[in-house]
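Engineer: Hey, dropping structure.txt in here, compact mmCIF, C-alpha atoms:
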```txt
# COMPACT_ATOMS: atom_id res chain seq x y z
CA MET A 975 -3.47 135.61 34.86
CA GLY A 976 -0.35 135.80 36.90
CA THR A 977 -0.37 135.15 40.60
CA GLU A 978 0.65 138.75 41.01
CA ALA A 979 -1.33 141.69 42.29
CA MET A 980 -1.13 145.31 41.23
CA PHE A 981 -3.61 148.08 41.91
CA GLY A 982 -3.86 151.84 41.57
CA LEU A 983 -6.16 154.76 42.34
CA THR A 984 -6.34 158.43 41.46
CA GLY A 985 -6.56 160.91 44.29
CA LYS A 986 -7.19 164.64 44.44
CA ASP A 987 -3.82 165.63 42.92
CA PHE A 988 -1.87 162.38 42.97
CA VAL A 989 -1.91 158.80 41.75
CA ILE A 990 -1.09 155.88 44.06
CA LEU A 991 0.17 152.51 42.79
CA ALA A 992 0.84 149.30 44.73
CA ALA A 993 2.38 146.01 43.60
CA ASP A 994 3.40 142.80 45.33
CA GLY A 995 7.11 141.97 45.74
CA GLN A 996 7.16 138.34 44.70
CA ALA A 997 9.35 136.97 41.93
CA ALA A 998 8.62 133.30 41.36
CA TYR A 999 9.91 130.42 39.25
CA SER A 1000 7.60 127.41 39.06
CA ILE A 1001 6.75 126.66 42.70
CA ILE A 1002 9.73 128.52 44.13
CA ARG A 1003 9.62 132.07 45.47
CA LEU A 1004 12.94 133.52 44.26
CA LYS A 1005 12.46 136.96 45.76
CA ASN A 1006 10.07 138.62 48.19
CA ASP A 1007 11.38 142.14 47.73
CA ALA A 1008 11.03 142.72 44.00
CA ASP A 1009 10.20 146.26 42.92
CA LYS A 1010 7.68 146.20 40.09
CA ILE A 1011 6.95 149.93 40.02
CA TRP A 1012 9.25 151.75 37.61
CA LYS A 1013 9.99 155.46 37.59
CA VAL A 1014 9.71 156.65 33.98
CA GLY A 1015 10.29 160.36 33.51
CA ASN A 1016 8.12 161.91 36.20
CA MET A 1017 5.54 159.10 36.01
CA LEU A 1018 5.15 155.70 37.65
CA PHE A 1019 4.73 152.50 35.62
CA ALA A 1020 3.71 149.38 37.52
CA CYS A 1021 4.41 146.35 35.33
CA SER A 1022 3.57 142.70 35.99
CA GLY A 1023 4.30 139.57 34.03
CA PRO A 1024 7.28 137.27 33.45
CA PRO A 1025 10.35 139.16 34.71
CA ALA A 1026 12.16 138.87 31.38
CA ASP A 1027 9.28 140.44 29.43
CA THR A 1028 8.64 143.21 31.94
CA ALA A 1029 12.30 144.10 32.36
CA ASN A 1030 13.07 144.25 28.66
CA PHE A 1031 9.85 146.10 27.79
CA MET A 1032 10.09 148.62 30.62
CA GLU A 1033 13.77 149.38 30.04
CA PHE A 1034 12.93 150.05 26.38
CA ILE A 1035 10.02 152.36 27.27
CA GLU A 1036 12.01 154.11 30.01
CA LYS A 1037 14.90 154.96 27.69
CA ASN A 1038 12.64 156.07 24.85
CA VAL A 1039 10.67 158.39 27.12
CA LYS A 1040 13.97 159.89 28.27
CA LEU A 1041 15.12 160.25 24.67
CA ASN A 1042 11.93 162.09 23.81
CA GLU A 1043 12.54 164.43 26.75
CA LEU A 1044 16.06 165.15 25.52
CA ARG A 1045 14.92 165.73 21.95
CA THR A 1046 11.97 167.99 22.74
CA GLY A 1047 13.31 169.64 25.89
CA ILE A 1048 10.10 169.04 27.85
CA PRO A 1049 8.94 166.04 29.92
CA MET A 1050 6.52 163.69 28.20
CA SER A 1051 2.90 163.97 29.31
CA THR A 1052 1.24 160.90 30.85
CA LYS A 1053 -1.22 160.74 27.95
CA ALA A 1054 1.60 160.75 25.40
CA ALA A 1055 3.65 158.20 27.32
CA ALA A 1056 0.65 155.89 27.65
CA SER A 1057 -0.08 156.25 23.97
CA PHE A 1058 3.53 155.50 23.02
CA THR A 1059 3.63 152.46 25.32
CA ARG A 1060 0.36 151.10 23.97
CA ASN A 1061 1.64 151.51 20.44
CA GLU A 1062 4.77 149.50 21.21
CA LEU A 1063 2.65 146.72 22.72
CA ALA A 1064 0.39 146.76 19.67
CA HIS A 1065 3.29 146.54 17.22
CA ALA A 1066 4.83 143.63 19.07
CA LEU A 1067 1.48 141.86 19.54
CA ARG A 1068 1.32 139.92 16.31
CA LYS A 1069 5.05 139.38 16.01
CA GLY A 1070 6.47 138.58 19.44
CA PRO A 1071 4.12 139.90 22.10
CA PHE A 1072 5.34 141.22 25.43
CA GLN A 1073 3.47 139.52 28.26
CA ALA A 1074 3.35 142.74 30.25
CA ASP A 1075 0.37 144.27 32.06
CA LEU A 1076 0.74 147.87 33.13
CA LEU A 1077 -0.68 150.56 35.30
CA ILE A 1078 0.59 154.01 34.36
CA GLY A 1079 0.20 156.93 36.75
CA GLY A 1080 1.20 160.55 36.27
CA ILE A 1081 0.26 164.18 36.81
CA ASP A 1082 -0.39 166.45 33.86
CA ASN A 1083 -1.77 169.95 33.62
CA GLU A 1084 -5.26 168.50 33.60
CA GLY A 1085 -4.64 166.67 36.86
CA PRO A 1086 -3.84 163.12 37.86
CA SER A 1087 -4.26 160.33 35.30
CA LEU A 1088 -4.18 156.56 35.68
CA TYR A 1089 -4.04 154.31 32.62
CA PHE A 1090 -4.89 150.61 32.63
CA MET A 1091 -2.98 148.77 29.90
CA ASP A 1092 -2.64 145.07 29.22
CA TYR A 1093 -0.51 142.72 27.13
CA LEU A 1094 -3.07 142.79 24.31
CA ALA A 1095 -2.37 146.51 23.97
CA SER A 1096 -5.70 147.75 25.28
CA SER A 1097 -5.51 151.07 27.10
CA GLU A 1098 -8.06 153.03 29.14
CA LYS A 1099 -7.88 156.09 31.33
CA VAL A 1100 -9.53 155.15 34.61
CA ASN A 1101 -9.87 156.18 38.25
CA LYS A 1102 -9.14 152.79 39.76
CA ALA A 1103 -7.53 149.71 38.27
CA ALA A 1104 -5.98 146.35 39.14
CA HIS A 1105 -4.17 143.48 37.39
CA GLY A 1106 -3.73 139.77 38.09
CA TYR A 1107 -5.83 137.44 40.21
CA GLY A 1108 -5.48 140.13 42.86
CA ALA A 1109 -7.84 142.25 40.78
CA MET A 1110 -10.71 139.85 41.35
CA PHE A 1111 -10.58 140.51 45.07
CA THR A 1112 -9.83 144.21 45.10
CA LEU A 1113 -11.91 145.86 42.39
CA GLY A 1114 -15.15 145.54 44.34
CA LEU A 1115 -13.44 146.98 47.37
CA MET A 1116 -12.04 149.90 45.43
CA ASP A 1117 -15.42 150.62 43.85
CA ARG A 1118 -16.98 150.67 47.33
CA TYR A 1119 -14.53 153.09 48.95
CA TRP A 1120 -13.26 155.31 46.14
CA LYS A 1121 -14.60 158.80 45.77
CA PRO A 1122 -13.37 161.83 43.85
CA ASP A 1123 -10.70 164.00 45.52
CA LEU A 1124 -9.30 161.39 47.88
CA THR A 1125 -6.61 162.60 50.28
CA GLU A 1126 -3.31 160.71 50.48
CA ALA A 1127 -4.23 159.22 53.83
CA GLU A 1128 -7.61 158.01 52.54
CA ALA A 1129 -6.02 156.47 49.44
CA ILE A 1130 -3.32 154.70 51.46
CA ASP A 1131 -6.07 153.37 53.68
CA ILE A 1132 -7.87 151.85 50.69
CA ILE A 1133 -4.62 150.26 49.49
CA LYS A 1134 -4.11 148.76 52.95
CA LYS A 1135 -7.66 147.38 52.86
CA CYS A 1136 -6.91 145.77 49.48
CA ILE A 1137 -3.75 144.09 50.75
CA LYS A 1138 -5.57 142.88 53.87
CA GLU A 1139 -8.30 141.41 51.68
CA LEU A 1140 -5.74 139.49 49.61
CA GLU A 1141 -4.17 138.13 52.79
CA THR A 1142 -7.60 136.96 53.89
CA ARG A 1143 -9.02 135.47 50.71
CA PHE A 1144 -6.28 134.78 48.17
CA ILE A 1145 -4.75 131.29 48.45
CA VAL A 1146 -1.34 132.55 47.35
CA ASP A 1147 0.55 134.46 50.02
CA LEU A 1148 1.97 137.59 48.36
CA PRO A 1149 4.71 139.18 50.41
CA GLY A 1150 6.49 142.49 50.27
CA PHE A 1151 3.92 144.89 48.79
CA LYS A 1152 5.52 148.12 47.59
CA CYS A 1153 3.51 151.31 47.29
CA LYS A 1154 4.42 154.56 45.53
CA ILE A 1155 2.73 157.91 45.00
CA VAL A 1156 3.27 160.34 42.13
CA SER A 1157 2.24 163.96 42.61
CA LYS A 1158 3.31 167.43 41.48
CA GLU A 1159 6.27 167.17 43.87
CA GLY A 1160 7.49 164.00 42.17
CA THR A 1161 7.44 160.36 43.16
CA LYS A 1162 7.79 158.95 46.63
CA ASP A 1163 7.71 155.59 48.36
CA VAL A 1164 4.99 154.85 50.88
CA THR A 1165 5.66 152.66 53.92
CA LEU A 1166 2.54 150.60 54.47
CA MET B 844 20.06 126.22 10.52
CA ALA B 845 17.75 123.22 10.50
CA PRO B 846 16.30 122.57 6.99
CA VAL B 847 12.67 122.77 8.15
CA ALA B 848 9.77 125.13 7.59
CA ASN B 849 10.27 126.90 10.94
CA PRO B 850 13.97 126.78 11.85
CA LYS B 851 13.48 129.15 14.78
CA SER B 852 11.28 126.76 16.73
CA PHE B 853 13.04 123.57 15.59
CA CYS B 854 14.27 122.52 19.02
CA LEU B 855 10.92 122.91 20.75
CA ASP B 856 8.99 121.32 17.86
CA ILE B 857 11.19 118.22 17.83
CA LYS B 858 10.76 117.88 21.56
CA LYS B 859 6.98 118.24 21.34
CA SER B 860 6.54 115.80 18.47
CA GLY B 861 8.57 113.09 20.20
CA GLU B 862 10.17 112.07 16.90
CA ALA B 863 13.66 111.93 18.39
CA PRO B 864 13.16 111.00 22.03
CA LYS B 865 16.77 110.93 23.11
CA LEU B 866 17.87 113.96 21.14
CA MET B 867 16.30 116.70 23.20
CA ASP B 868 16.68 115.11 26.63
CA PHE B 869 18.99 117.67 28.14
CA MET B 870 20.65 116.75 31.39
CA LYS B 871 18.57 118.74 33.87
CA GLY B 872 19.23 116.99 37.15
CA THR B 873 21.19 119.36 39.29
CA THR B 874 21.46 121.17 42.57
CA THR B 875 23.34 124.44 42.57
CA LEU B 876 23.17 127.15 45.16
CA GLY B 877 24.74 130.46 46.07
CA PHE B 878 24.41 132.95 48.89
CA VAL B 879 25.88 136.30 49.90
CA PHE B 880 27.18 136.78 53.43
CA GLN B 881 29.58 139.05 55.32
CA GLY B 882 32.63 137.22 53.95
CA GLY B 883 31.57 137.33 50.30
CA ILE B 884 29.68 134.66 48.37
CA ILE B 885 29.53 130.89 48.68
CA ILE B 886 28.75 128.87 45.56
CA ALA B 887 28.07 125.15 46.04
CA VAL B 888 27.12 122.57 43.41
CA ASP B 889 26.70 118.83 42.95
CA SER B 890 28.35 116.90 40.10
CA ARG B 891 25.80 114.46 38.68
CA ALA B 892 24.60 114.45 35.07
CA SER B 893 21.48 112.33 34.59
CA MET B 894 19.39 111.54 31.52
CA GLY B 895 16.15 110.16 32.87
CA SER B 896 17.13 107.28 35.11
CA TYR B 897 20.58 106.90 33.57
CA ILE B 898 23.47 108.55 35.36
CA GLY B 899 25.68 109.95 32.64
CA SER B 900 28.46 111.15 34.89
CA GLN B 901 29.24 111.70 38.56
CA THR B 902 32.13 114.06 37.96
CA VAL B 903 30.69 117.00 36.08
CA LYS B 904 32.04 120.49 36.76
CA LYS B 905 29.03 122.70 37.25
CA VAL B 906 30.91 125.84 38.18
CA ILE B 907 32.38 127.76 35.27
CA GLU B 908 35.29 130.00 36.09
CA ILE B 909 34.30 132.88 33.82
CA ASN B 910 37.39 134.83 34.85
CA ASP B 911 39.47 135.45 37.96
CA PHE B 912 36.72 137.25 39.81
CA LEU B 913 33.48 135.97 38.24
CA LEU B 914 31.92 132.55 38.66
CA GLY B 915 28.98 131.04 36.79
CA THR B 916 26.99 127.92 37.63
CA ILE B 917 25.38 125.39 35.29
CA ALA B 918 21.89 123.95 35.55
CA GLY B 919 19.93 122.63 32.60
CA GLY B 920 21.62 122.03 29.27
CA ALA B 921 25.34 121.60 29.96
CA ALA B 922 26.25 122.58 26.39
CA ASP B 923 24.06 125.67 26.43
CA CYS B 924 25.39 126.82 29.80
CA SER B 925 29.06 126.16 29.22
CA PHE B 926 29.05 127.60 25.70
CA TRP B 927 27.29 130.84 26.60
CA GLU B 928 29.21 131.31 29.85
CA ARG B 929 32.48 130.88 27.97
CA HIS B 930 31.13 133.36 25.44
CA LEU B 931 30.44 135.65 28.38
CA ASN B 932 34.12 135.33 29.27
CA ARG B 933 34.99 136.75 25.85
CA LEU B 934 32.51 139.60 26.24
CA CYS B 935 33.87 140.42 29.71
CA ARG B 936 37.41 140.52 28.34
CA MET B 937 36.36 142.81 25.49
CA HIS B 938 34.74 145.11 28.03
CA GLU B 939 37.98 145.23 30.03
CA LEU B 940 40.02 146.08 26.95
CA ARG B 941 37.63 148.80 25.79
CA GLU B 942 36.81 150.42 29.12
CA LYS B 943 40.16 149.77 30.84
CA GLU B 944 38.38 148.53 33.90
CA ARG B 945 36.83 145.28 35.07
CA ILE B 946 33.24 144.60 34.15
CA SER B 947 30.71 144.80 36.98
CA VAL B 948 28.71 141.71 37.99
CA ALA B 949 25.50 143.59 37.11
CA ALA B 950 26.74 144.25 33.58
CA ALA B 951 28.09 140.71 33.08
CA SER B 952 24.81 139.15 34.19
CA LYS B 953 22.87 141.60 31.99
CA LEU B 954 24.94 140.59 28.94
CA LEU B 955 24.07 136.95 29.59
CA ALA B 956 20.39 137.73 30.21
CA ASN B 957 20.20 139.68 26.95
CA ILE B 958 21.60 136.69 25.04
CA PHE B 959 18.91 134.45 26.53
CA TRP B 960 16.23 137.02 25.73
CA GLN B 961 17.38 137.07 22.14
CA TYR B 962 17.19 133.28 21.83
CA ARG B 963 13.87 133.08 23.63
CA GLY B 964 11.63 130.28 22.35
CA GLN B 965 14.47 128.58 20.47
CA GLY B 966 15.02 125.88 23.04
CA LEU B 967 17.99 127.00 25.14
CA SER B 968 17.88 125.38 28.57
CA CYS B 969 19.84 127.17 31.23
CA GLY B 970 19.47 128.21 34.86
CA THR B 971 22.61 129.93 35.94
CA MET B 972 23.93 132.10 38.72
CA VAL B 973 26.57 134.76 38.13
CA ALA B 974 28.59 135.66 41.22
CA GLY B 975 31.42 138.09 41.69
CA TRP B 976 32.98 140.85 43.75
CA ASP B 977 33.16 144.28 42.11
CA LYS B 978 33.25 147.94 43.16
CA LYS B 979 29.86 147.57 44.80
CA GLY B 980 30.96 144.56 46.85
CA PRO B 981 29.75 140.98 46.44
CA SER B 982 26.81 140.47 44.03
CA LEU B 983 24.83 137.39 43.10
CA TYR B 984 22.51 137.27 40.11
CA MET B 985 20.26 134.46 38.93
CA VAL B 986 19.81 134.37 35.15
CA ASP B 987 17.68 131.83 33.31
CA ASP B 988 16.84 130.72 29.79
CA GLN B 989 13.72 132.91 29.66
CA GLY B 990 15.84 136.00 30.03
CA ASP B 991 14.87 136.53 33.68
CA ARG B 992 17.54 138.20 35.77
CA HIS B 993 17.24 138.56 39.54
CA LYS B 994 19.61 140.08 42.07
CA GLY B 995 19.47 138.48 45.48
CA ASN B 996 21.23 137.11 48.52
CA VAL B 997 20.12 133.48 48.46
CA PHE B 998 19.41 131.35 45.39
CA SER B 999 19.24 127.68 44.52
CA VAL B 1000 18.70 126.35 41.01
CA GLY B 1001 17.98 122.86 39.67
CA SER B 1002 15.78 119.85 40.32
CA GLY B 1003 17.14 119.55 43.87
CA SER B 1004 16.80 123.25 44.62
CA THR B 1005 13.68 122.97 46.79
CA PHE B 1006 15.45 120.49 49.08
CA ALA B 1007 18.50 122.70 49.31
CA TYR B 1008 16.37 125.79 50.04
CA GLY B 1009 15.00 124.16 53.18
CA VAL B 1010 18.41 123.64 54.72
CA LEU B 1011 19.82 126.87 53.30
CA ASP B 1012 17.02 129.19 54.44
CA THR B 1013 16.93 127.88 58.00
CA GLY B 1014 20.70 127.91 58.42
CA TYR B 1015 21.37 131.22 56.68
CA ARG B 1016 22.50 134.38 58.50
CA PHE B 1017 24.34 137.27 56.92
CA ASP B 1018 26.98 137.22 59.66
CA LEU B 1019 28.12 133.62 59.17
CA THR B 1020 31.88 133.08 59.38
CA VAL B 1021 33.58 131.78 56.22
CA ASP B 1022 33.90 128.28 57.71
CA GLU B 1023 30.24 128.22 58.79
CA ALA B 1024 29.16 129.43 55.36
CA VAL B 1025 31.22 126.80 53.53
CA GLU B 1026 29.70 124.15 55.80
CA LEU B 1027 26.18 125.46 55.11
CA GLY B 1028 26.80 125.26 51.38
CA ARG B 1029 28.19 121.75 51.58
CA ARG B 1030 25.42 120.55 53.85
CA SER B 1031 22.65 122.01 51.70
CA ILE B 1032 24.04 120.25 48.63
CA TYR B 1033 24.31 116.97 50.55
CA HIS B 1034 20.69 117.14 51.72
CA ALA B 1035 19.48 117.92 48.20
CA THR B 1036 21.44 115.01 46.71
CA HIS B 1037 19.97 112.68 49.34
CA ARG B 1038 16.38 113.45 48.32
CA ASP B 1039 16.75 114.30 44.61
CA GLY B 1040 17.61 111.30 42.45
CA ALA B 1041 18.94 113.54 39.74
CA SER B 1042 21.58 115.15 41.97
CA GLY B 1043 24.62 113.43 43.48
CA GLY B 1044 28.26 112.66 42.93
CA VAL B 1045 30.43 115.10 44.84
CA ALA B 1046 29.79 118.43 46.50
CA ARG B 1047 31.98 121.31 45.35
CA VAL B 1048 32.18 124.62 47.18
CA TYR B 1049 33.71 127.90 45.99
CA HIS B 1050 34.22 131.10 47.96
CA VAL B 1051 34.09 134.49 46.20
CA HIS B 1052 35.91 137.25 48.06
CA GLU B 1053 37.47 140.63 47.44
CA LYS B 1054 40.54 139.18 45.79
CA GLY B 1055 38.66 136.85 43.46
CA TRP B 1056 37.49 133.31 44.09
CA THR B 1057 38.90 130.21 45.84
CA LYS B 1058 37.95 126.60 45.31
CA VAL B 1059 37.43 125.64 48.96
CA ILE B 1060 36.12 122.10 48.45
CA ALA B 1061 37.23 120.53 45.18
CA GLY B 1062 34.90 117.57 45.56
CA GLU B 1063 33.60 115.60 48.54
CA ASP B 1064 31.66 112.40 47.94
CA VAL B 1065 28.09 112.95 49.14
CA ASN B 1066 27.84 109.31 50.20
CA LYS B 1067 30.71 109.82 52.64
CA LEU B 1068 29.02 113.01 53.85
CA HIS B 1069 25.83 111.06 54.49
CA TYR B 1070 27.49 108.69 56.96
CA MET B 1071 29.55 111.50 58.46
CA TYR B 1072 26.48 113.60 59.23
CA ALA B 1073 24.64 110.52 60.54
CA ALA B 1074 27.53 109.73 62.89
CA GLU B 1075 27.38 113.30 64.22
CA LYS B 1076 23.86 112.52 65.38
CA ASN B 1077 24.93 109.11 66.68
CA LEU B 1078 22.93 107.40 63.99
CA LYS B 1079 23.89 104.68 61.53
CA GLY B 1080 22.56 106.47 58.47
CA ASP B 1081 19.86 104.03 57.44
CA GLU B 1082 16.90 105.72 59.17
```
Starting from the file, give its structure as structure tokens.

Structural biologist:
Amino acid sequence: MGTEAMFGLTGKDFVILAADGQAAYSIIRLKNDADKIWKVGNMLFACSGPPADTANFMEFIEKNVKLNELRTGIPMSTKAAASFTRNELAHALRKGPFQADLLIGGIDNEGPSLYFMDYLASSEKVNKAAHGYGAMFTLGLMDRYWKPDLTEAEAIDIIKKCIKELETRFIVDLPGFKCKIVSKEGTKDVTL
Amino acid sequence: MAPVANPKSFCLDIKKSGEAPKLMDFMKGTTTLGFVFQGGIIIAVDSRASMGSYIGSQTVKKVIEINDFLLGTIAGGAADCSFWERHLNRLCRMHELREKERISVAAASKLLANIFWQYRGQGLSCGTMVAGWDKKGPSLYMVDDQGDRHKGNVFSVGSGSTFAYGVLDTGYRFDLTVDEAVELGRRSIYHATHRDGASGGVARVYHVHEKGWTKVIAGEDVNKLHYMYAAEKNLKGDE
């Protein structure tokens, strides 16, 4: 598991994703302001793993989702995008797997959806999710405080609690958490 | 290609099996660093090539002049770095001819990163920085043999990088003057060579600015620098 932390929750009519900003090489912190949450179509993809794998995989997915939009004339639904992404991971798995773990958030006609996806190409639609060692500390917390129809303020509060918990209990100091929300109005950054 | 069952993983397999101990011992001892500041970019490197405890050379050139406005640094396998960075020179020139404009630093570094991604797992050993001044101003990218590519303001690569980071991070400000920045680069390399056995020789410093790059310090013996810095503190240099 990488010493990275990513988590996400669904709210009333939005999905919120947060990821740390650390890019490391061996024992050196190369960057503390890395942005691991990608904007793909009108969805958000948070992707963790070795930077080479995540960058190459996400750029590929991003451009293919855009191509699909150009070909069909309509934006891809979150369900379809998640399905396509999972398929790509599955195809690559037994040839040259991408070491990429993802959280996919988007709004469809049915409402907000959050997909948990990992490098083994498993995919599940969930209400709350987390990746990395950070997950061990935050899932319990999210289970405790999540409820259906969270407001943006309540969701941001839970995210802040998660980050605080990591600062308290995780031996690795993870700087520069970035947080983004996707809703019907589009995507926006959240200052924590 | 190597006449074995798995030519793709030949380099790594040979290394793992230990059948040819000297063959795969790439010269990894290095300190290279680069940082962006108000006057452009400073690139500073050492010049030692070591194979284990043997010093192969003290006069290696670890900065590759990709073209008149792009610099690349070498850490890891000298052959891998210099070959692919010279290849990058060709790709940059082709871009210029096709597009009728200079290639951006972002694009040049991406071309290099894509090459490393393609050869992933086949044993290339390379930690390089690509620095240049383009339409967007000065840019510094770190690209390594895994295919990682990072944009940033301060980087150091090599076995001595952690020592250099200490001096670099505490002395760094964006608004350094050119002279202060050159001195910071030189000093960081000196301190790294003092602590890291695999770094040494001479310190070389380049300055990347709007009009291209300048070789500010062609090569200053780090031993001389040691006694010079000690004298500044009124010390003998053997403490």

Engineer: Kindly provide, as an NGL selection string, the residues of chain B having any atom no farther than 9 Å from an atom of chain A, counting all atoms listed in the file.

Structural biologist: :B and (956-957 or 960 or 989-995 or 997-999 or 1004-1005)

Engineer: Please determine, counting only C-alpha atoms, which residue among B:Ser900, B:Asn1077, B:Ser852, B:Thr916 has the shortest atom-to-atom distance to B:Ala887.

Structural biologist: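 Going through B:Ser900, B:Asn1077, B:Ser852, B:Thr916 one by one, the smallest distance to B:Ala887 is for B:Thr916.
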
Engineer: Mind pulling up the distance from atom CA of B:His1050 to atom CA of B:Phe880?

Structural biologist: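 Atom-to-atom, atom CA of B:Phe880 to atom CA of B:His1050, that is 10.6 Å.
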
Engineer: Skip stretch 1130-1139 of chain A itself and residues of its chain fewer than 2 positions away, then list as a list in words all residues within 8 Å of it, counting all atoms listed in the file.

Structural biologist: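 Residues meeting the cut-off are Phe981, Ile990, Ala992, Phe1111, Thr1112, Leu1115, Met1116, Tyr1119, Trp1120, Glu1126, Ala1127, Glu1128, Glu1141, Thr1142, Arg1143, Phe1144, Phe1151 and Leu1166 of chain A.
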
Engineer: Write out as a VMD selection string each polymer residue whose atoms come within 12 Å of A:Asp1163, counting only C-alpha atoms; drop sequence neighbours fewer than 6 positions from it.

Structural biologist: chain A and resid 990 to 993 1009 1011 to 1013 1018 1130 1151 to 1157

Engineer: For the residues in that selection, give me C-alpha atoms as a compact mmCIF listing (two decimals), in the coordinates of the input.

Structural biologist:
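This went into out.txt:
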```
# COMPACT_ATOMS: atom_id res chain seq x y z
CA ILE A 990 -1.09 155.88 44.06
CA LEU A 991 0.17 152.51 42.79
CA ALA A 992 0.84 149.30 44.73
CA ALA A 993 2.38 146.01 43.60
CA ASP A 1009 10.20 146.26 42.92
CA ILE A 1011 6.95 149.93 40.02
CA TRP A 1012 9.25 151.75 37.61
CA LYS A 1013 9.99 155.46 37.59
CA LEU A 1018 5.15 155.70 37.65
CA ILE A 1130 -3.32 154.70 51.46
CA PHE A 1151 3.92 144.89 48.79
CA LYS A 1152 5.52 148.12 47.59
CA CYS A 1153 3.51 151.31 47.29
CA LYS A 1154 4.42 154.56 45.53
CA ILE A 1155 2.73 157.91 45.00
CA VAL A 1156 3.27 160.34 42.13
CA SER A 1157 2.24 163.96 42.61
```

Engineer: Choose the residue, out of A:Ala1074, A:Val1164, A:Leu983, A:Leu1140, that has the smallest atom-to-atom separation from A:Arg1060; count all atoms listed in the file.

Structural biologist: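 Between A:Ala1074, A:Val1164, A:Leu983, A:Leu1140, the residue approaching A:Arg1060 most closely is A:Ala1074.
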
Engineer: Which of these, A:Gly976, A:Pro1071, A:Gly1015, A:Gly985, has the shortest distance to A:Pro1049 once you count only C-alpha atoms?

Structural biologist: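 Of A:Gly976, A:Pro1071, A:Gly1015, A:Gly985, the one nearest A:Pro1049 is A:Gly1015, counting only C-alpha atoms.
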
Engineer: Can you pull out the residues contacting B:Ser1002? Cut-off 7 Å, using all atoms listed in the file, and skip same-chain residues under 5 positions away; I want them as a PDB file with C-alpha atoms, in the frame of the given file.

Structural biologist:
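Wrote it out as part_33.pdb, contents follow:
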```pdb
ATOM      1  CA  GLY B 872      19.230 116.990  37.150  1.00  0.00           C
ATOM      2  CA  THR B 873      21.190 119.360  39.290  1.00  0.00           C
ATOM      3  CA  THR B 874      21.460 121.170  42.570  1.00  0.00           C
TER       4      THR B 874
END
```

Engineer: Using atom CA of A:Phe988 and atom CA of A:Met1017 as the two end points, give the distance in Å to one decimal.

Structural biologist: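 Interatomic distance here is 10.7 Å.
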
Engineer: Edge lengths and centre in Å to one decimal, as AutoDock Vina command-line options, is what I'm after for the box along x, y and z that holds all listed atoms of stretch 1058-1075 of chain B once 6 Å is added on each side.

Structural biologist:
```
--center_x 31.3 --center_y 117.6 --center_z 54.7 --size_x 25.3 --size_y 29.9 --size_z 31.0
```

Engineer: In Å to one decimal, how far is atom CA of B:Ile917 from atom CA of B:Tyr984?

Structural biologist: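 Separating atom CA of B:Tyr984 from atom CA of B:Ile917 is a distance of 13.1 Å.
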
Engineer: Find, counting only C-alpha atoms, the residue in A:Ala1095, A:Leu1076, A:Leu1088, A:Ala1129 that gets nearest to A:Ala979.

Structural biologist: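 Result for the nearest residue to A:Ala979: A:Leu1076.
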
Engineer: Could you check the closest approach to A:Ser1000 for each of B:Gly1009, B:Gly915, B:Gly1040, B:Gly1001 and tell me which residue wins, using all atoms listed in the file?

Structural biologist: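 Under the stated criterion, the closest residue is B:Gly1001.
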
Engineer: Would you mind telling me which residue in B:Gly975, B:Gly1062, B:Gly895, B:Gly1080 lies nearest to B:Leu913 when using all atoms listed in the file?

Structural biologist: B:Gly975

Engineer: Write out as JSON, numbers by chain the residues lying within 9 Å of A:Glu1098, counting all atoms listed in the file and excluding same-chain residues fewer than 6 positions away.

Structural biologist: {"A": [1088, 1089, 1090, 1091]}
